[in-house]
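Chemist: For reference, this is query_18.txt, and it has compact mmCIF, C-alpha atoms.
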# COMPACT_ATOMS: atom_id res chain seq x y z
CA MET S 1 6.51 -4.88 10.99
CA LEU S 2 4.71 -1.54 10.82
CA ARG S 3 2.54 -0.79 13.86
CA ILE S 4 0.08 2.10 13.66
CA HIS S 5 -1.20 3.17 17.09
CA PHE S 6 -4.71 4.66 17.26
CA THR S 7 -6.20 6.69 20.05
CA ARG S 8 -9.98 6.68 20.46
CA ASP S 9 -10.11 10.02 18.64
CA ASP S 10 -8.03 8.63 15.77
CA LEU S 11 -10.53 5.83 15.13
CA ALA S 12 -13.18 8.50 14.62
CA ARG S 13 -10.87 10.40 12.24
CA VAL S 14 -10.04 7.64 9.76
CA ARG S 15 -11.15 8.61 6.29
CA PHE S 16 -10.69 7.28 2.78
CA ALA S 17 -9.46 9.90 0.30
CA PRO S 18 -12.54 10.74 -1.81
CA ARG S 19 -10.49 11.13 -4.99
CA PRO S 20 -6.98 10.26 -6.17
CA SER S 21 -4.20 12.75 -5.56
CA PRO S 22 -1.92 13.35 -8.55
CA VAL S 23 1.32 14.23 -6.75
CA PRO S 24 1.51 11.14 -4.48
CA GLU S 25 0.48 8.92 -7.40
CA LEU S 26 3.18 10.46 -9.58
CA HIS S 27 5.81 9.91 -6.91
CA ALA S 28 4.61 6.30 -6.47
CA ALA S 29 4.98 5.76 -10.21
CA LEU S 30 8.49 7.22 -10.20
CA LEU S 31 9.40 4.89 -7.33
CA MET S 32 8.06 1.98 -9.37
CA LEU S 33 10.26 2.97 -12.31
CA GLY S 34 13.28 2.21 -10.16
CA ALA S 35 11.95 -1.05 -8.71
CA PRO S 36 13.02 -4.02 -10.88
CA HIS S 37 10.20 -6.38 -9.92
CA GLU S 38 6.60 -7.14 -10.91
CA GLU S 39 7.70 -7.56 -14.51
CA LEU S 40 4.37 -9.12 -15.51
CA LEU S 41 2.40 -5.93 -14.96
CA PHE S 42 5.08 -3.26 -15.08
CA GLY S 43 7.98 -4.52 -17.19
CA ARG S 44 6.94 -3.17 -20.58
CA TRP S 45 5.57 -0.01 -18.95
CA ARG S 46 8.86 0.59 -17.14
CA GLY S 47 10.96 0.04 -20.23
CA ARG S 48 8.84 2.35 -22.37
CA LEU S 49 8.78 5.17 -19.84
CA LEU S 50 12.48 4.98 -19.07
CA ARG S 51 13.08 5.54 -22.77
CA ALA S 52 10.44 8.25 -23.09
CA LEU S 53 10.98 10.37 -19.95
CA PRO S 54 11.87 13.88 -21.09
CA ALA S 55 15.16 15.42 -20.03
CA ALA S 56 13.23 18.15 -18.20
CA SER S 57 12.19 15.59 -15.57
CA GLY S 58 15.82 14.77 -14.73
CA PRO S 59 16.14 17.13 -11.72
CA LEU S 60 13.67 14.96 -9.78
CA ALA S 61 16.36 12.28 -9.50
CA ASP S 62 18.62 14.83 -7.79
CA LEU S 63 16.12 15.04 -4.91
CA VAL S 64 16.53 11.35 -3.99
CA PRO S 65 20.33 10.89 -3.94
CA GLY S 66 20.11 7.96 -1.52
CA GLY S 67 16.72 6.64 -2.59
CA VAL S 68 14.88 8.66 0.08
CA ALA S 69 12.86 11.72 -0.93
CA PRO S 70 12.66 14.94 1.09
CA ARG S 71 9.42 15.14 3.04
CA PHE S 72 8.44 18.56 1.73
CA LEU S 73 7.26 16.62 -1.35
CA ASP S 74 4.68 14.82 0.85
CA VAL S 75 1.51 16.67 -0.12
CA LEU S 76 -1.96 15.73 -1.31
CA GLY S 77 -4.06 18.12 -3.37
CA GLY S 78 -7.03 17.21 -5.53
CA THR S 79 -5.39 18.45 -8.73
CA ARG S 80 -1.90 18.51 -10.12
CA GLU S 81 -1.74 22.30 -9.81
CA GLU S 82 -2.92 22.24 -6.21
CA GLY S 83 -0.35 19.59 -5.30
CA PHE S 84 2.50 21.49 -6.91
CA ALA S 85 1.38 24.68 -5.17
CA LEU S 86 1.45 22.88 -1.81
CA ILE S 87 5.04 21.82 -2.46
CA ARG S 88 6.05 25.40 -3.27
CA ALA S 89 4.28 26.59 -0.12
CA GLY S 90 6.51 24.50 2.14
CA ARG S 91 8.15 26.41 5.00
CA PRO S 92 11.65 27.50 3.91
CA GLU S 93 13.29 26.08 7.04
CA PHE S 94 11.55 22.73 6.44
CA VAL S 95 12.71 22.61 2.83
CA ARG S 96 16.28 23.39 3.90
CA SER S 97 16.34 20.81 6.68
CA GLU S 98 14.95 18.10 4.40
CA LEU S 99 17.49 18.80 1.66
CA GLU S 100 20.23 18.65 4.27
CA ARG S 101 18.85 15.35 5.53
CA VAL S 102 18.78 13.58 2.16
CA TYR S 103 22.28 14.85 1.30
CA ALA S 104 23.71 14.10 4.74
CA GLY S 105 25.63 11.12 3.37
CA GLY S 106 27.88 13.37 1.38
CA GLY S 107 28.41 13.49 -2.35
CA PRO S 108 28.17 16.42 -4.73
CA VAL S 109 25.10 18.62 -4.47
CA PRO S 110 23.80 19.81 -7.87
CA PRO S 111 23.85 23.59 -8.26
CA TRP S 112 20.10 23.83 -8.70
CA VAL S 113 19.57 21.92 -5.41
CA ARG S 114 21.88 24.38 -3.66
CA ALA S 115 19.77 27.15 -5.14
CA LEU S 116 16.60 25.45 -3.91
CA HIS S 117 18.16 25.25 -0.46
CA GLY S 118 18.61 29.00 -0.67
CA GLY S 119 15.00 29.56 -1.72
CA GLU S 120 15.83 30.95 -5.16
CA ALA S 121 12.85 31.37 -7.45
CA GLY S 122 14.70 29.92 -10.43
CA ALA S 123 15.25 26.66 -8.58
CA TRP S 124 11.55 26.36 -7.78
CA ARG S 125 10.81 26.89 -11.48
CA THR S 126 13.22 24.05 -12.28
CA LEU S 127 11.35 21.77 -9.87
CA ASP S 128 7.98 22.85 -11.30
CA ARG S 129 9.12 22.05 -14.84
CA ALA S 130 10.49 18.68 -13.76
CA GLN S 131 7.25 17.73 -12.00
CA GLU S 132 5.18 18.89 -14.97
CA ALA S 133 7.29 16.95 -17.49
CA ALA S 134 7.17 13.77 -15.41
CA TYR S 135 3.41 14.08 -14.91
CA GLU S 136 2.71 14.48 -18.62
CA ALA S 137 4.87 11.47 -19.54
CA VAL S 138 3.96 9.10 -16.71
CA LEU S 139 0.56 9.89 -15.27
CA ALA S 140 -1.49 12.00 -17.69
CA PRO S 141 -2.08 9.13 -20.18
CA VAL S 142 -3.65 6.91 -17.50
CA TRP S 143 -5.18 9.47 -15.15
CA PRO S 144 -8.81 8.83 -16.24
CA LEU S 145 -8.33 5.13 -15.49
CA VAL S 146 -6.74 5.92 -12.12
CA GLN S 147 -9.79 8.02 -11.29
CA ASP S 148 -12.15 5.18 -12.23
CA LEU S 149 -10.23 2.62 -10.20
CA HIS S 150 -10.09 4.98 -7.23
CA ARG S 151 -13.88 5.27 -7.32
CA ALA S 152 -14.13 1.48 -7.31
CA GLU S 153 -11.81 1.26 -4.29
CA PHE S 154 -13.72 4.02 -2.50
CA THR S 155 -16.98 2.15 -3.06
CA ARG S 156 -15.49 -1.12 -1.85
CA HIS S 157 -14.18 0.55 1.32
CA ALA S 158 -17.49 2.29 2.04
CA LEU S 159 -19.44 -0.95 1.62
CA THR S 160 -17.05 -2.85 3.88
CA VAL S 161 -17.35 -0.20 6.61
CA ALA S 162 -21.15 -0.26 6.31
CA GLU S 163 -21.45 -4.05 6.36
CA HIS S 164 -18.58 -5.15 8.61
CA GLY S 165 -17.19 -2.09 10.41
CA LEU S 166 -13.99 -0.07 10.31
CA ASP S 167 -11.77 -2.88 11.59
CA ALA S 168 -12.69 -5.07 8.65
CA ALA S 169 -12.26 -2.23 6.17
CA LEU S 170 -8.77 -1.41 7.44
CA THR S 171 -7.54 -4.99 7.32
CA ALA S 172 -9.17 -5.51 3.90
CA SER S 173 -7.07 -2.65 2.54
CA ALA S 174 -3.90 -4.50 3.63
CA PRO S 175 -4.26 -8.29 3.34
CA GLY S 176 -2.40 -10.03 6.15
CA SER S 177 -2.66 -7.07 8.52
CA ARG S 178 -4.68 -7.07 11.73
CA LEU S 179 -6.10 -4.53 14.15
CA ARG S 180 -6.07 -5.39 17.83
CA ASP S 181 -6.09 -3.32 21.00
CA GLY S 182 -5.94 -0.11 18.98
CA VAL S 183 -2.83 -1.12 17.01
CA TRP S 184 -2.92 -1.86 13.29
CA GLU S 185 -0.12 -4.34 12.57
CA TRP S 186 1.34 -4.77 9.10
CA PRO S 187 3.60 -7.85 8.96
CA GLY S 188 6.10 -8.10 6.14
CA VAL S 189 7.12 -4.43 6.16
CA PRO S 190 10.95 -4.71 6.10
CA ALA S 191 11.79 -1.90 8.51
CA GLY S 192 10.08 -2.18 11.89
CA ARG S 193 8.34 1.04 12.86
CA ASP S 194 5.86 2.28 15.43
CA LEU S 195 3.72 5.10 14.06
CA ARG S 196 1.63 7.00 16.63
CA LEU S 197 -1.25 9.05 15.29
CA ASP S 198 -1.75 10.96 18.57
CA GLY S 199 -5.15 12.32 17.60
CA ARG S 200 -4.17 13.47 14.09
CA GLY S 201 -6.28 10.86 12.31
CA LEU S 202 -5.48 8.77 9.25
CA VAL S 203 -6.15 9.21 5.52
CA LEU S 204 -6.19 6.03 3.41
CA LEU S 205 -5.05 6.67 -0.15
CA PRO S 206 -4.97 3.79 -2.63
CA THR S 207 -2.13 3.81 -5.14
CA PHE S 208 -2.23 1.89 -8.40
CA HIS S 209 1.44 2.15 -9.39
CA TRP S 210 3.46 1.18 -6.34
CA ARG S 211 3.53 -2.52 -5.42
CA GLY S 212 5.82 -2.43 -2.38
CA GLY S 213 4.91 -1.74 1.22
CA PRO S 214 2.78 1.18 2.41
CA LEU S 215 4.02 4.68 1.67
CA VAL S 216 3.66 6.90 4.73
CA GLN S 217 3.30 10.68 4.93
CA ASP S 218 3.92 11.57 8.58
CA LEU S 219 4.34 15.29 9.15
CA PRO S 220 3.77 17.17 12.42
CA GLY S 221 0.35 18.71 12.80
CA ARG S 222 -1.13 16.89 9.79
CA PRO S 223 -3.20 13.73 9.48
CA VAL S 224 -1.01 10.76 8.62
CA VAL S 225 -1.51 9.63 5.02
CA LEU S 226 -1.09 5.97 4.21
CA ALA S 227 -0.78 5.13 0.51
CA CYS S 228 -1.69 1.46 0.17
CA PRO S 229 -1.13 -0.58 -2.99
CA ALA S 230 -4.60 -1.29 -4.38
CA GLY S 231 -5.71 -4.42 -6.19
CA ARG S 232 -3.08 -6.02 -8.39
CA GLY S 233 -1.84 -2.88 -10.08
CA LEU S 234 -2.60 -1.62 -13.53
CA PRO S 235 -1.65 -2.72 -17.00
CA LEU S 236 -0.69 0.91 -17.50
CA ALA S 237 -0.75 2.89 -20.70
CA PRO S 238 -0.47 0.66 -23.76
CA ASP S 239 2.90 0.63 -25.49
CA GLY S 240 3.02 2.79 -28.54
CA GLY S 241 2.65 -0.10 -31.00
CA GLY S 242 -0.07 -2.01 -29.16
CA THR S 243 -3.68 -1.67 -28.18
CA ARG S 244 -5.07 -1.68 -24.70
CA GLU S 245 -6.57 -5.10 -25.45
CA GLU S 246 -3.10 -6.42 -26.32
CA ALA S 247 -1.75 -5.00 -23.06
CA LEU S 248 -4.54 -6.76 -21.16
CA THR S 249 -3.71 -10.02 -22.95
CA GLY S 250 -0.08 -9.63 -21.91
CA VAL S 251 -1.15 -9.42 -18.26
CA LEU S 252 -3.94 -11.99 -18.05
CA GLY S 253 -3.09 -14.35 -20.87
CA ARG S 254 -5.14 -14.67 -24.05
CA THR S 255 -7.87 -17.02 -22.80
CA ARG S 256 -8.55 -15.08 -19.59
CA ALA S 257 -8.57 -11.77 -21.47
CA GLU S 258 -11.04 -13.23 -23.99
CA LEU S 259 -13.18 -14.55 -21.13
CA LEU S 260 -13.26 -11.14 -19.46
CA HIS S 261 -14.22 -9.46 -22.75
CA ALA S 262 -16.90 -12.12 -23.37
CA LEU S 263 -18.65 -11.12 -20.14
CA ASP S 264 -20.04 -7.89 -21.54
CA GLU S 265 -23.24 -9.59 -20.39
CA GLY S 266 -23.58 -12.23 -17.70
CA MET S 267 -22.95 -15.79 -18.85
CA THR S 268 -22.89 -19.33 -17.52
CA THR S 269 -19.80 -21.51 -17.45
CA THR S 270 -21.22 -23.58 -20.31
CA GLY S 271 -21.88 -20.44 -22.34
CA LEU S 272 -18.34 -19.21 -21.75
CA ALA S 273 -16.91 -22.57 -22.75
CA ARG S 274 -18.85 -22.48 -26.02
CA ARG S 275 -17.88 -18.87 -26.72
CA LEU S 276 -14.17 -19.57 -26.13
CA GLY S 277 -14.07 -23.04 -27.64
CA VAL S 278 -12.73 -24.71 -24.50
CA SER S 279 -14.01 -27.34 -22.08
CA ASN S 280 -16.28 -26.46 -19.17
CA ALA S 281 -13.48 -27.38 -16.76
CA THR S 282 -11.05 -25.00 -18.51
CA ALA S 283 -13.57 -22.17 -18.55
CA SER S 284 -14.30 -22.76 -14.85
CA ALA S 285 -10.58 -22.70 -13.95
CA HIS S 286 -10.00 -19.42 -15.77
CA ALA S 287 -13.12 -17.91 -14.20
CA GLN S 288 -11.83 -18.91 -10.77
CA ALA S 289 -8.54 -17.05 -11.41
CA LEU S 290 -10.37 -13.91 -12.54
CA ARG S 291 -12.69 -14.13 -9.54
CA ALA S 292 -9.67 -14.32 -7.20
CA ALA S 293 -8.32 -11.17 -8.87
CA GLY S 294 -11.58 -9.33 -8.15
CA LEU S 295 -12.47 -9.00 -11.85
CA ILE S 296 -15.61 -11.18 -11.93
CA THR S 297 -18.23 -12.50 -9.54
CA THR S 298 -19.83 -15.95 -9.63
CA THR S 299 -23.26 -16.93 -8.34
CA ARG S 300 -24.89 -20.35 -8.31
CA THR S 301 -28.59 -20.94 -8.93
CA GLY S 302 -29.43 -24.59 -8.63
CA ARG S 303 -27.04 -26.41 -10.97
CA SER S 304 -26.30 -23.29 -13.01
CA VAL S 305 -23.18 -21.14 -12.38
CA HIS S 306 -23.45 -17.55 -13.59
CA HIS S 307 -20.51 -15.16 -14.07
CA GLU S 308 -20.48 -11.34 -14.33
CA ARG S 309 -17.81 -8.67 -14.36
CA THR S 310 -17.23 -6.64 -11.21
CA PRO S 311 -16.94 -2.84 -11.54
CA LEU S 312 -13.17 -3.28 -11.58
CA GLY S 313 -13.48 -5.96 -14.26
CA ARG S 314 -15.59 -3.64 -16.40
CA LEU S 315 -12.99 -0.89 -16.08
CA VAL S 316 -10.12 -3.21 -16.93
CA ALA S 317 -11.92 -4.83 -19.90
CA ASP S 318 -13.12 -1.55 -21.36
CA ASP S 319 -10.90 -1.06 -24.44
CA ARG S 320 -12.37 2.24 -25.55
CA PRO S 321 -9.79 5.02 -26.06
Taking this structure as input, can you express it in the form of structure tokens?
Modeler:
Amino acid sequence: MLRIHFTRDDLARVRFAPRPSPVPELHAALLMLGAPHEELLFGRWRGRLLRALPAASGPLADLVPGGVAPRFLDVLGGTREEGFALIRAGRPEFVRSELERVYAGGGPVPPWVRALHGGEAGAWRTLDRAQEAAYEAVLAPVWPLVQDLHRAEFTRHALTVAEHGLDAALTASAPGSRLRDGVWEWPGVPAGRDLRLDGRGLVLLPTFHWRGGPLVQDLPGRPVVLACPAGRGLPLAPDGGGTREEALTGVLGRTRAELLHALDEGMTTTGLARRLGVSNATASAHAQALRAAGLITTTRTGRSVHHERTPLGRLVADDRP
């Protein structure tokens, strides 16, 4: 279980990142590439990217020899360039100590990593090229969608804080968690950990690629950043031979994808059933599944049941290039 300990000052310093941050999202995506689960949403995406990753991105794997990345990569930044610049601006002694930490288990150290340990400019250029190549292959094709989904999550968080308070907003961002006596408890996190904010505050950053537990940036003197998996993930960039609509069908199933597309305007269950050529009961069951996924809303007026897309549903159903 992860336990995050708040002081009174910390509760006043919780904020939701106003925009997505390219570097953490890229690193979350690279972690997901090596995680052989969630095949429904990520299987085809993973297979395509593993085949398409350019050789120039290869040095990034050298930085995680045991599956743990050096913490000097833990930066935010509102743009890719700003994030990369923050990595390069890391204190030399911090970069050295982190490289020594991740290679402490032994094993050969690649020459360019040794050069990075020594602060050589050529090694930093190698890292810059690797980050750039990985970004262009993995994140650039879906970055506009990530930005849209982040805005939807930001809006959802702000509304929850306004209507129900910060406690409810925090626990809503991590289903199954709870906040009591100033401690936010996350059950199900494999490694038990007590994280003390000590007045530094907390930044909540949704991530749309990583589906595991929370990713924590915890560096001295900085606010703690908690990257939380948001929603149910993305049907990421369509495979080269398919359309975005086909990718959506692969995730939701044909009938649910057709139902979501049919709701370009609000519609009753009976109207949906007629449009899709299914029974009212079948249309209702599929609508219930999409509602549970946060893609549609349902309201009842008398005996009539009316369905509409949520903002997230509109983003997901939008098959424009």
Chemist: Find the distance between CA of Ala230 (chain S) and CA of Glu308 (chain S) and write it in Å to one decimal.
Modeler: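 These two atoms are separated by 21.3 Å.
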Chemist: Report, in Å with one decimal, the straight-line distance from CA of Asp198 (chain S) to CA of Pro18 (chain S).
Modeler: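 Pair CA of Asp198 (chain S) / CA of Pro18 (chain S) returns 23.1 Å.
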Chemist: Could you pull the residues within 7 Å of Ala133 (chain S), counting all atoms listed in the file, minus those fewer than 3 positions along the same chain, as a PyMOL selection string?
Modeler: chain S and resi 54+56-57+129-130+136-137
Chemist: So which one's closest to Leu197 (chain S), S:Met32, S:Leu290, S:Arg178, S:Leu219? Using only C-alpha atoms, please.
Modeler: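 Checking each candidate against Leu197 (chain S), we get S:Leu219 as the closest.
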Chemist: Could you check the closest approach to Ala69 (chain S) for each of S:Pro108, S:Gly176, S:Gly122, S:Pro24 and tell me which residue wins, using all atoms listed in the file?
Modeler: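 The answer is S:Pro24, which sits nearest to Ala69 (chain S).
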Chemist: Between S:Val216, S:Leu26, S:Ala174, S:Ala257, single out the one closest to Val142 (chain S), counting only C-alpha atoms.
Modeler: S:Leu26
Chemist: Using only C-alpha atoms, can you tell me which of S:Val95, S:Thr255, S:Leu204, S:Ser21 comes closest to Glu153 (chain S)?
Modeler: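 So, comparing all the options, the nearest one is S:Leu204.
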Chemist: If we count only C-alpha atoms, what is near Ala262 (chain S) at a cut-off of 12 Å, once residues fewer than 3 positions away on the same chain are taken out, given as a list in words?
Modeler: Thr255, Arg256, Ala257, Glu258, Leu259, Glu265, Gly266, Met267, Thr268, Thr269, Gly271, Leu272, Ala273, Arg274, Arg275, Leu276, Ala283, Ala287, Ile296, His307, Glu308, Arg309, Gly313, Arg314, Ala317 and Asp318 of chain S
Chemist: Could you put an axis-aligned box around every listed atom of region 201-212 of chain S, padded by 8 Å on each side, and send me its centre and edge lengths in Å to one decimal, as JSON?
Modeler:
{"center_x": -0.2, "center_y": 4.2, "center_z": 1.5, "size_x": 28.1, "size_y": 29.4, "size_z": 37.7}
Chemist: Taking into account all atoms listed in the file, which residue in the set S:Ala289, S:Val102, S:Val23, S:Val109 is nearest to Leu73 (chain S)?
Modeler: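 Under the stated criterion, the closest residue is S:Val23.
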Chemist: So how many Å separate CA of Gly118 (chain S) and CA of His27 (chain S), to one decimal?
Modeler: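 Separation between CA of Gly118 (chain S) and CA of His27 (chain S): 23.8 Å.
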